[in-house]
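S.K.: File follows, data.txt with compact mmCIF, C-alpha atoms and all ligand atoms:
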```txt
# COMPACT_ATOMS: atom_id res chain seq x y z
CA MET A 1 173.73 108.33 156.92
CA THR A 2 176.81 107.78 159.09
CA SER A 3 178.24 111.05 160.26
CA ILE A 4 181.68 111.82 158.86
CA SER A 5 183.35 112.24 162.23
CA SER A 6 182.25 108.78 163.38
CA ILE A 7 184.27 106.92 160.76
CA LEU A 8 187.44 105.50 162.27
CA HIS A 9 187.65 102.16 160.42
CA SER A 10 188.83 103.82 157.25
CA GLY A 11 192.08 104.74 158.91
CA TYR A 12 193.03 101.16 159.73
CA HIS A 13 191.23 98.96 157.23
CA HIS A 14 194.42 97.76 155.54
CA PRO A 15 197.21 95.79 157.30
CA THR A 16 199.68 98.49 156.26
CA SER A 17 197.61 101.39 157.55
CA ARG A 18 197.21 99.46 160.80
CA GLN A 19 200.97 99.52 161.24
CA TRP A 20 200.93 103.31 160.89
CA GLN A 21 198.84 103.61 164.04
CA SER A 22 201.82 102.88 166.22
CA GLY A 23 203.95 105.67 167.62
CA ASN A 24 206.85 103.49 168.58
CA VAL A 25 207.90 100.43 166.57
CA LEU A 26 209.44 97.19 167.85
CA ARG A 27 212.88 96.74 166.36
CA LYS A 28 215.57 94.25 167.23
CA VAL A 29 217.56 97.02 168.89
CA SER A 30 214.60 97.64 171.23
CA LEU A 31 215.28 94.32 172.98
CA MET A 32 217.67 93.49 175.80
CA TYR A 33 218.05 89.85 176.80
CA PRO A 34 218.53 88.89 180.49
CA ILE A 35 221.03 86.05 180.92
CA PHE A 36 221.94 84.00 184.01
CA ILE A 37 225.59 83.04 184.31
CA THR A 38 226.60 80.57 186.97
CA ASP A 39 229.94 79.43 188.38
CA ASP A 40 229.97 75.89 187.02
CA PRO A 41 231.80 76.55 183.72
CA ASN A 42 229.98 73.79 181.86
CA ALA A 43 226.48 74.44 183.13
CA ALA A 44 223.44 74.55 180.89
CA ASP A 45 220.86 74.05 183.64
CA GLU A 46 217.18 74.20 182.91
CA ILE A 47 215.26 76.53 185.23
CA LYS A 48 212.00 74.86 186.12
CA SER A 49 210.04 78.03 186.82
CA LEU A 50 211.43 79.81 183.72
CA PRO A 51 210.69 77.35 180.94
CA GLY A 52 213.04 77.65 177.98
CA GLN A 53 215.67 79.62 179.94
CA LYS A 54 218.91 78.25 181.38
CA ARG A 55 221.70 79.07 183.77
CA TRP A 56 224.79 79.13 181.62
CA GLY A 57 228.39 78.33 182.47
CA ILE A 58 231.14 80.44 180.99
CA ASN A 59 232.23 77.68 178.58
CA LYS A 60 228.73 77.49 177.11
CA LEU A 61 228.20 81.18 176.63
CA GLN A 62 229.75 81.62 173.23
CA GLY A 63 227.88 78.73 171.61
CA PHE A 64 224.63 79.92 173.11
CA LEU A 65 225.00 83.56 172.07
CA LYS A 66 226.45 83.12 168.58
CA PRO A 67 223.21 82.20 166.78
CA LEU A 68 221.36 84.95 168.63
CA VAL A 69 223.91 87.58 167.65
CA GLU A 70 223.61 86.34 164.07
CA LYS A 71 219.86 86.90 164.30
CA GLY A 72 220.41 90.48 165.41
CA LEU A 73 220.70 90.37 169.21
CA SER A 74 222.12 93.78 170.13
CA SER A 75 222.15 93.87 173.92
CA VAL A 76 222.22 91.58 176.95
CA ILE A 77 222.02 92.08 180.70
CA LEU A 78 223.97 89.67 182.88
CA PHE A 79 222.97 88.19 186.24
CA GLY A 80 225.52 86.21 188.22
CA VAL A 81 224.40 83.11 190.08
CA PRO A 82 227.07 81.61 192.35
CA LEU A 83 226.00 78.08 193.27
CA LYS A 84 229.26 76.35 194.12
CA VAL A 85 230.95 78.89 196.41
CA GLU A 86 229.60 79.96 199.81
CA ARG A 87 227.83 83.34 199.94
CA ASP A 88 228.83 85.77 202.70
CA SER A 89 227.41 88.89 204.37
CA THR A 90 229.10 91.43 202.05
CA GLY A 91 228.61 89.59 198.77
CA THR A 92 232.33 89.11 198.10
CA LEU A 93 231.51 86.94 195.10
CA ALA A 94 229.78 89.78 193.23
CA ASP A 95 233.01 91.34 192.00
CA ASP A 96 235.28 88.33 192.26
CA PRO A 97 237.56 88.73 189.22
CA ASN A 98 237.12 85.01 188.56
CA GLY A 99 233.38 85.10 189.19
CA PRO A 100 230.78 84.48 186.50
CA VAL A 101 229.84 88.10 185.72
CA ILE A 102 233.33 89.57 185.32
CA GLN A 103 234.45 86.52 183.36
CA GLY A 104 231.26 86.70 181.30
CA VAL A 105 231.69 90.39 180.45
CA LYS A 106 235.26 89.84 179.33
CA LEU A 107 234.36 86.87 177.18
CA ILE A 108 231.41 88.60 175.52
CA ARG A 109 233.42 91.75 174.81
CA LYS A 110 236.11 89.66 173.18
CA GLU A 111 233.91 87.28 171.17
CA PHE A 112 231.06 89.66 170.27
CA PRO A 113 232.59 93.13 169.93
CA ASP A 114 229.33 94.72 168.71
CA LEU A 115 227.12 93.38 171.49
CA PHE A 116 226.10 95.93 174.15
CA VAL A 117 226.72 94.41 177.58
CA ALA A 118 224.87 95.55 180.67
CA CYS A 119 225.34 94.10 184.16
CA ASP A 120 222.65 94.00 186.79
CA VAL A 121 224.22 95.24 190.01
CA CYS A 122 222.79 93.82 193.18
CA LEU A 123 223.98 91.85 196.17
CA CYS A 124 221.02 89.59 196.85
CA GLU A 125 222.43 86.88 194.58
CA TYR A 126 225.71 86.97 196.50
CA THR A 127 224.87 87.56 200.15
CA ASP A 128 224.07 84.82 202.63
CA HIS A 129 221.07 86.85 203.90
CA GLY A 130 219.73 87.50 200.38
CA HIS A 131 219.22 91.24 200.83
CA CYS A 132 220.33 93.89 198.38
CA ALA A 133 222.18 96.57 200.47
CA SER A 134 224.55 98.66 200.82
CA ILE A 135 225.30 101.57 198.49
CA ALA A 136 229.07 101.71 199.11
CA ARG A 137 229.36 98.04 198.18
CA ILE A 138 226.94 98.42 195.25
CA ALA A 139 229.08 101.26 193.86
CA GLU A 140 232.25 99.20 194.26
CA VAL A 141 230.74 96.28 192.37
CA ALA A 142 229.39 98.55 189.61
CA VAL A 143 232.84 100.04 189.04
CA ALA A 144 234.39 96.56 188.92
CA TYR A 145 231.91 95.50 186.20
CA ALA A 146 232.55 98.70 184.28
CA LYS A 147 236.31 98.21 184.49
CA ALA A 148 235.88 94.65 183.20
CA GLY A 149 234.26 96.16 180.11
CA ALA A 150 230.53 96.49 180.79
CA HIS A 151 228.94 99.20 178.65
CA CYS A 152 226.21 99.67 181.18
CA VAL A 153 225.66 99.06 184.88
CA ALA A 154 222.14 98.68 186.17
CA PRO A 155 221.65 98.79 189.94
CA SER A 156 218.50 96.89 190.90
CA ASP A 157 218.86 97.13 194.67
CA MET A 158 216.64 100.23 195.22
CA MET A 159 218.80 101.75 197.95
CA ASP A 160 218.47 105.53 198.27
CA GLY A 161 221.45 107.40 196.86
CA ARG A 162 222.96 104.56 194.85
CA ILE A 163 222.94 106.35 191.50
CA LYS A 164 224.91 109.26 192.91
CA ALA A 165 227.32 106.92 194.66
CA ILE A 166 227.96 104.92 191.49
CA LYS A 167 228.29 108.03 189.34
CA GLU A 168 230.87 109.51 191.70
CA ARG A 169 232.90 106.31 191.75
CA LEU A 170 232.78 106.13 187.94
CA ILE A 171 234.00 109.73 187.73
CA GLU A 172 236.81 108.95 190.21
CA ALA A 173 237.79 105.97 188.10
CA GLY A 174 237.90 108.18 184.98
CA ILE A 175 235.38 106.03 183.10
CA SER A 176 232.12 107.89 183.60
CA HIS A 177 232.00 108.99 179.94
CA ARG A 178 231.81 105.43 178.64
CA VAL A 179 229.57 103.74 181.18
CA CYS A 180 225.82 104.02 180.79
CA LEU A 181 223.95 104.08 184.08
CA MET A 182 220.56 102.41 183.82
CA SER A 183 218.56 102.79 186.99
CA TYR A 184 215.87 100.41 188.09
CA SER A 185 214.10 103.54 189.36
CA ALA A 186 210.50 102.39 189.52
CA LYS A 187 210.98 98.86 190.78
CA PHE A 188 207.98 97.56 192.64
CA ALA A 189 207.99 95.01 195.45
CA THR A 190 206.39 91.80 194.23
CA THR A 191 207.07 88.30 195.37
CA CYS A 192 204.86 86.73 192.73
CA PHE A 193 206.18 88.39 189.58
CA TYR A 194 209.84 88.07 190.64
CA GLY A 195 209.30 84.54 191.93
CA PRO A 196 210.79 82.56 189.03
CA PHE A 197 213.82 84.90 188.96
CA ARG A 198 214.47 84.31 192.67
CA ASP A 199 214.33 80.61 191.95
CA ALA A 200 216.69 81.00 188.97
CA ALA A 201 219.15 83.17 190.92
CA GLN A 202 218.50 81.47 194.31
CA SER A 203 218.17 85.00 195.64
CA ALA A 204 215.05 84.98 197.82
CA PRO A 205 215.75 86.77 201.13
CA THR A 206 216.46 84.31 203.95
CA PHE A 207 214.44 86.52 206.34
CA GLY A 208 211.96 89.35 205.89
CA ASP A 209 211.08 90.81 202.50
CA ARG A 210 212.05 93.74 200.26
CA LYS A 211 209.10 95.99 200.97
CA CYS A 212 211.19 98.65 202.73
CA TYR A 213 213.29 99.36 199.66
CA GLN A 214 211.32 98.22 196.61
CA LEU A 215 208.25 100.41 195.95
CA PRO A 216 204.74 99.58 197.16
CA PRO A 217 202.65 98.46 194.13
CA ASN A 218 200.15 101.27 194.70
CA ALA A 219 202.77 104.03 194.67
CA SER A 220 202.73 106.01 191.45
CA GLY A 221 203.87 109.12 193.33
CA LEU A 222 206.94 107.41 194.76
CA ALA A 223 207.75 106.10 191.27
CA ARG A 224 207.72 109.63 189.84
CA ARG A 225 209.85 110.90 192.73
CA ALA A 226 212.36 108.07 192.37
CA ILE A 227 212.65 108.72 188.63
CA ARG A 228 213.17 112.45 189.16
CA ARG A 229 215.74 111.77 191.89
CA ASP A 230 217.68 109.22 189.82
CA LEU A 231 217.86 111.55 186.82
CA THR A 232 219.23 114.31 189.05
CA GLU A 233 221.82 111.86 190.35
CA GLY A 234 222.99 111.03 186.86
CA ALA A 235 221.00 108.09 185.46
CA ASP A 236 221.13 107.77 181.65
CA ILE A 237 218.20 105.34 181.32
CA ILE A 238 215.38 104.75 183.75
CA MET A 239 213.49 101.53 184.13
CA VAL A 240 210.03 100.46 185.20
CA LYS A 241 209.61 96.94 186.53
CA PRO A 242 207.54 94.74 186.34
CA GLY A 243 206.02 95.69 182.99
CA MET A 244 202.49 94.58 182.21
CA PRO A 245 200.80 95.45 185.53
CA TYR A 246 202.61 98.83 185.55
CA LEU A 247 202.02 100.29 182.08
CA ASP A 248 200.57 103.46 183.60
CA VAL A 249 203.91 103.96 185.34
CA VAL A 250 205.73 103.54 182.01
CA LYS A 251 203.48 106.16 180.49
CA ASP A 252 203.97 108.46 183.47
CA ALA A 253 207.73 108.07 183.12
CA LYS A 254 207.56 108.91 179.44
CA LEU A 255 205.43 112.01 179.99
CA GLN A 256 207.53 113.13 182.92
CA SER A 257 210.89 112.53 181.20
CA PRO A 258 210.35 112.63 177.42
CA ASP A 259 214.05 113.15 176.75
CA VAL A 260 215.37 109.98 178.42
CA PRO A 261 215.12 106.41 177.15
CA ILE A 262 212.57 104.51 179.20
CA ALA A 263 213.22 100.83 179.77
CA VAL A 264 210.63 98.33 180.89
CA TYR A 265 211.38 94.89 182.32
CA GLN A 266 208.96 92.13 181.38
CA VAL A 267 209.96 90.11 184.43
CA SER A 268 210.21 86.40 185.07
CA GLY A 269 206.66 86.00 186.39
CA GLU A 270 205.19 87.74 183.36
CA TYR A 271 207.27 85.56 181.06
CA ALA A 272 206.20 82.38 182.83
CA MET A 273 202.55 83.46 182.96
CA ILE A 274 202.33 83.99 179.20
CA TRP A 275 204.30 80.81 178.52
CA ARG A 276 202.15 78.61 180.74
CA ALA A 277 198.90 80.08 179.41
CA ALA A 278 199.98 79.39 175.84
CA GLU A 279 201.02 75.88 176.85
CA ALA A 280 197.57 75.32 178.33
CA GLY A 281 195.98 76.38 175.05
CA VAL A 282 194.54 79.64 176.35
CA PHE A 283 196.07 81.54 173.46
CA GLU A 284 198.84 81.38 170.91
CA LEU A 285 202.25 82.32 172.28
CA LYS A 286 203.44 84.60 169.50
CA THR A 287 200.24 86.62 169.36
CA ALA A 288 200.21 87.15 173.12
CA VAL A 289 203.89 88.09 173.35
CA MET A 290 203.56 90.50 170.44
CA GLU A 291 200.57 92.13 172.08
CA SER A 292 202.51 92.55 175.32
CA MET A 293 205.25 94.27 173.30
CA GLU A 294 202.73 96.60 171.67
CA GLY A 295 201.57 97.56 175.14
CA PHE A 296 205.09 98.50 176.23
CA LEU A 297 205.71 100.53 173.09
CA ARG A 298 202.35 102.27 173.28
CA ALA A 299 203.03 103.24 176.90
CA GLY A 300 206.28 104.84 175.79
CA ALA A 301 209.07 102.30 176.35
CA THR A 302 212.18 102.58 174.20
CA LEU A 303 213.93 99.52 175.56
CA ILE A 304 212.32 96.23 176.57
CA LEU A 305 214.08 93.67 178.75
CA SER A 306 212.49 90.33 178.01
CA TYR A 307 213.22 86.61 178.25
CA TYR A 308 211.25 86.37 175.00
CA THR A 309 214.07 88.14 173.13
CA PRO A 310 215.36 85.01 171.31
CA LEU A 311 211.86 84.21 170.04
CA LEU A 312 211.16 87.84 169.19
CA LEU A 313 214.33 88.04 167.10
CA GLU A 314 213.04 85.09 165.12
CA TRP A 315 209.53 86.52 164.78
CA LEU A 316 210.89 89.89 163.69
CA GLU A 317 212.61 88.22 160.74
CA ASN A 318 209.27 87.57 159.08
C1 LIG B 401 217.79 91.59 191.95
C2 LIG B 401 216.82 91.50 190.82
C3 LIG B 401 215.54 90.89 190.79
C4 LIG B 401 215.10 90.99 189.47
C5 LIG B 401 216.06 91.66 188.75
N1 LIG B 401 217.11 91.98 189.60
C6 LIG B 401 214.80 90.18 191.84
C7 LIG B 401 214.32 90.91 193.02
O1 LIG B 401 214.53 92.12 193.18
O2 LIG B 401 213.73 90.24 193.85
C8 LIG B 401 213.81 90.42 188.94
C9 LIG B 401 213.85 90.03 187.50
C10 LIG B 401 212.79 89.07 187.08
O3 LIG B 401 211.89 88.70 187.86
O4 LIG B 401 212.84 88.65 185.92
N2 LIG B 401 217.56 92.59 192.85
ZN ZN B 402 218.72 92.43 194.87
```
For this file, produce the structure as structure tokens.
Ligand code: PBG
Ligand code: ZN

M.R.:
Amino acid sequence: MTSISSILHSGYHHPTSRQWQSGNVLRKVSLMYPIFITDDPNAADEIKSLPGQKRWGINKLQGFLKPLVEKGLSSVILFGVPLKVERDSTGTLADDPNGPVIQGVKLIRKEFPDLFVACDVCLCEYTDHGHCASIARIAEVAVAYAKAGAHCVAPSDMMDGRIKAIKERLIEAGISHRVCLMSYSAKFATTCFYGPFRDAAQSAPTFGDRKCYQLPPNASGLARRAIRRDLTEGADIIMVKPGMPYLDVVKDAKLQSPDVPIAVYQVSGEYAMIWRAAEAGVFELKTAVMESMEGFLRAGATLILSYYTPLLLEWLEN
């Protein structure tokens, strides 16, 4: 006879009881959609390495977002991609009042008052050298995005001390109570998994690499220290990035900081990898994407940044 304690199947025999095995459930509000906005107002450019995603011009934004908002899109994160204007050493274009991000924030706030708008804050998309420094400039840009109406600023540069610098500038500006600070705390250095993004944003460094500021992929200790540091400096949400190869780091973050929302970024390379595999017939897209989401939730993520958001919103309908 089977021993009583060996029977596990009984707990998940039915499709409904299988759903009860999850601690954390995927809801539409769990998803944040990364969007590229460029400086050609009429752009709707395909991005070869990110199939299905485009660089949008400001005039195309409303038409693109409307059906998604109707399907339940609740948050976006904006990335600016200047392609027409020359980049310089300080990233002047990042907080240009007529630049794509500030214009994009204003438009989204006006047209979609319920949509939560986050802005990635970094300089690599705007500097001629393609590096992400410095914290004074990062803080200045963050405050400009917040003043334009961003609900959230998310520095992805990985400079030491940036969270404190941004927080102080937000306090000075009298807007710290309304601006959520999401820190890319555990952001690992990877050229492969960020590759399609760097193509989309034309933001690959023109010399060197980012290994001295993004974390070494083997560094779970540094990730924990960076998370602890960023929370002390005033971060409201912490992020782990990339996602799938770093689920242990997500779990660590959750155990270490159970009281803070943990975000995970399913980055461009992960998106492309799943897409291309499905295209090649390795597996079915929806099943694979859903399983990747289950992994993030199981590890402890509250918020998932994913280029699959539009498809997920559709899949979550049924
Ligand atoms: C900018 C930034 C990057 C990503 C988000 N913000 C690229 C990088 O650091 O090289 C990657 C996102 C993705 O790959 O989807 N610092
Ligand atoms: Zn950067």

S.K.: My list of candidates is A:Leu115, A:Met32, A:Leu312, A:Ile58. Which is closest to Val264 of chain A when distances are computed with all atoms listed in the file?

M.R.: A:Met32

S.K.: Taking only C-alpha atoms and all ligand atoms and a cut-off of 12 Å, can you tell me which residues surround ligand ZN 402 (chain B), written as a ChimeraX atom specification?

M.R.: /A:79-81,91,94,120-127,129-135,138,154-159,184,187,189,194,197-198,201-205,209-211,213-214

S.K.: Could you tell me which of A:Gly72, A:Gly300, A:Pro196, A:Gly63 comes closest to Lys28 of chain A if we count all atoms listed in the file?

M.R.: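 With all atoms listed in the file as the atom set, the closest residue is A:Gly72.
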
S.K.: Which distance in Å separates atom CA of Met290 of chain A and atom CA of Val267 of chain A, to one decimal?

M.R.: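 So the two atoms, atom CA of Met290 of chain A and atom CA of Val267 of chain A, lie 15.4 Å apart.
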
S.K.: Which of these residues is nearest to Pro82 of chain A, using all atoms listed in the file: A:Asp199, A:Asp248, A:Asp39, A:Glu111?

M.R.: A:Asp39

S.K.: Mind pulling up the distance from atom CA of Tyr307 of chain A to atom CA of Ile108 of chain A?

M.R.: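 Separating atom CA of Ile108 of chain A from atom CA of Tyr307 of chain A is a distance of 18.5 Å.
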
S.K.: Between A:Pro41, A:Gly195, A:Gly221, A:Gly104, which residue has the minimum interatomic distance to ligand LIG 401 (chain B), considering all atoms listed in the file?

M.R.: A:Gly195

S.K.: Between A:Glu314, A:Asp128, A:Glu284, A:Glu270, which has the minimum distance to ligand LIG 401 (chain B) (counting all atoms listed in the file)?

M.R.: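 Of the candidates, the smallest distance to ligand LIG 401 (chain B) is held by A:Glu270.
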
S.K.: Quick one: pull the distance between atom CA of Pro310 of chain A and atom CA of Pro34 of chain A, Å, one decimal.

M.R.: 10.5 Å

S.K.: Is it possible to add all heavy atoms to segment 125-136 of chain A and hand it back as a compact mmCIF listing (two decimals), in the frame of the given file?

M.R.:
```
# COMPACT_ATOMS: atom_id res chain seq x y z
N GLU A 125 221.99 88.17 195.12
CA GLU A 125 222.43 86.88 194.58
C GLU A 125 223.72 86.39 195.23
O GLU A 125 224.14 85.26 195.01
CB GLU A 125 222.68 86.95 193.06
CG GLU A 125 221.49 87.36 192.21
CD GLU A 125 221.57 88.81 191.78
OE1 GLU A 125 221.74 89.69 192.66
OE2 GLU A 125 221.47 89.09 190.58
N TYR A 126 224.37 87.28 195.99
CA TYR A 126 225.71 86.97 196.50
C TYR A 126 225.81 86.94 198.01
O TYR A 126 226.80 86.48 198.56
CB TYR A 126 226.71 88.01 195.96
CG TYR A 126 226.72 88.08 194.46
CD1 TYR A 126 226.02 89.06 193.78
CD2 TYR A 126 227.41 87.12 193.71
CE1 TYR A 126 226.02 89.11 192.39
CE2 TYR A 126 227.42 87.15 192.33
CZ TYR A 126 226.72 88.16 191.67
OH TYR A 126 226.71 88.20 190.31
N THR A 127 224.79 87.51 198.68
CA THR A 127 224.87 87.56 200.15
C THR A 127 224.18 86.35 200.77
O THR A 127 223.23 85.81 200.21
CB THR A 127 224.21 88.86 200.68
OG1 THR A 127 222.94 89.03 200.04
CG2 THR A 127 225.08 90.06 200.39
N ASP A 128 224.68 85.97 201.96
CA ASP A 128 224.07 84.82 202.63
C ASP A 128 222.67 85.14 203.15
O ASP A 128 221.83 84.28 203.27
CB ASP A 128 224.99 84.26 203.75
CG ASP A 128 225.52 85.36 204.67
OD1 ASP A 128 224.98 86.49 204.63
OD2 ASP A 128 226.49 85.09 205.41
N HIS A 129 222.40 86.46 203.41
CA HIS A 129 221.07 86.85 203.90
C HIS A 129 220.10 87.11 202.75
O HIS A 129 218.90 87.17 202.96
CB HIS A 129 221.17 88.09 204.80
CG HIS A 129 222.04 89.18 204.24
ND1 HIS A 129 221.63 89.98 203.21
CD2 HIS A 129 223.31 89.57 204.56
CE1 HIS A 129 222.60 90.85 202.94
NE2 HIS A 129 223.64 90.62 203.73
N GLY A 130 220.62 87.32 201.53
CA GLY A 130 219.73 87.50 200.38
C GLY A 130 219.12 88.88 200.29
O GLY A 130 218.15 89.09 199.56
N HIS A 131 219.69 89.87 200.99
CA HIS A 131 219.22 91.24 200.83
C HIS A 131 220.17 92.02 199.92
O HIS A 131 221.27 91.58 199.60
CB HIS A 131 219.02 91.93 202.18
CG HIS A 131 217.74 91.51 202.84
ND1 HIS A 131 216.51 91.96 202.41
CD2 HIS A 131 217.50 90.63 203.84
CE1 HIS A 131 215.56 91.39 203.14
NE2 HIS A 131 216.13 90.57 204.01
N CYS A 132 219.69 93.21 199.51
CA CYS A 132 220.33 93.89 198.38
C CYS A 132 221.31 95.00 198.75
O CYS A 132 222.02 95.52 197.91
CB CYS A 132 219.25 94.46 197.48
SG CYS A 132 217.94 93.28 197.07
N ALA A 133 221.37 95.43 200.03
CA ALA A 133 222.18 96.57 200.47
C ALA A 133 223.68 96.31 200.26
O ALA A 133 224.06 95.18 199.97
CB ALA A 133 221.89 96.82 201.94
N SER A 134 224.55 97.26 200.44
CA SER A 134 224.55 98.66 200.82
C SER A 134 225.09 99.49 199.66
O SER A 134 225.74 98.92 198.79
CB SER A 134 225.52 98.84 202.02
OG SER A 134 226.85 98.62 201.56
N ILE A 135 224.92 100.82 199.69
CA ILE A 135 225.30 101.57 198.49
C ILE A 135 226.80 101.62 198.24
O ILE A 135 227.23 101.62 197.10
CB ILE A 135 224.70 103.00 198.42
CG1 ILE A 135 225.21 103.89 199.53
CG2 ILE A 135 223.21 102.98 198.38
CD1 ILE A 135 224.83 105.35 199.28
N ALA A 136 227.61 101.65 199.31
CA ALA A 136 229.07 101.71 199.11
C ALA A 136 229.53 100.45 198.36
O ALA A 136 230.30 100.50 197.40
CB ALA A 136 229.79 101.83 200.44
```
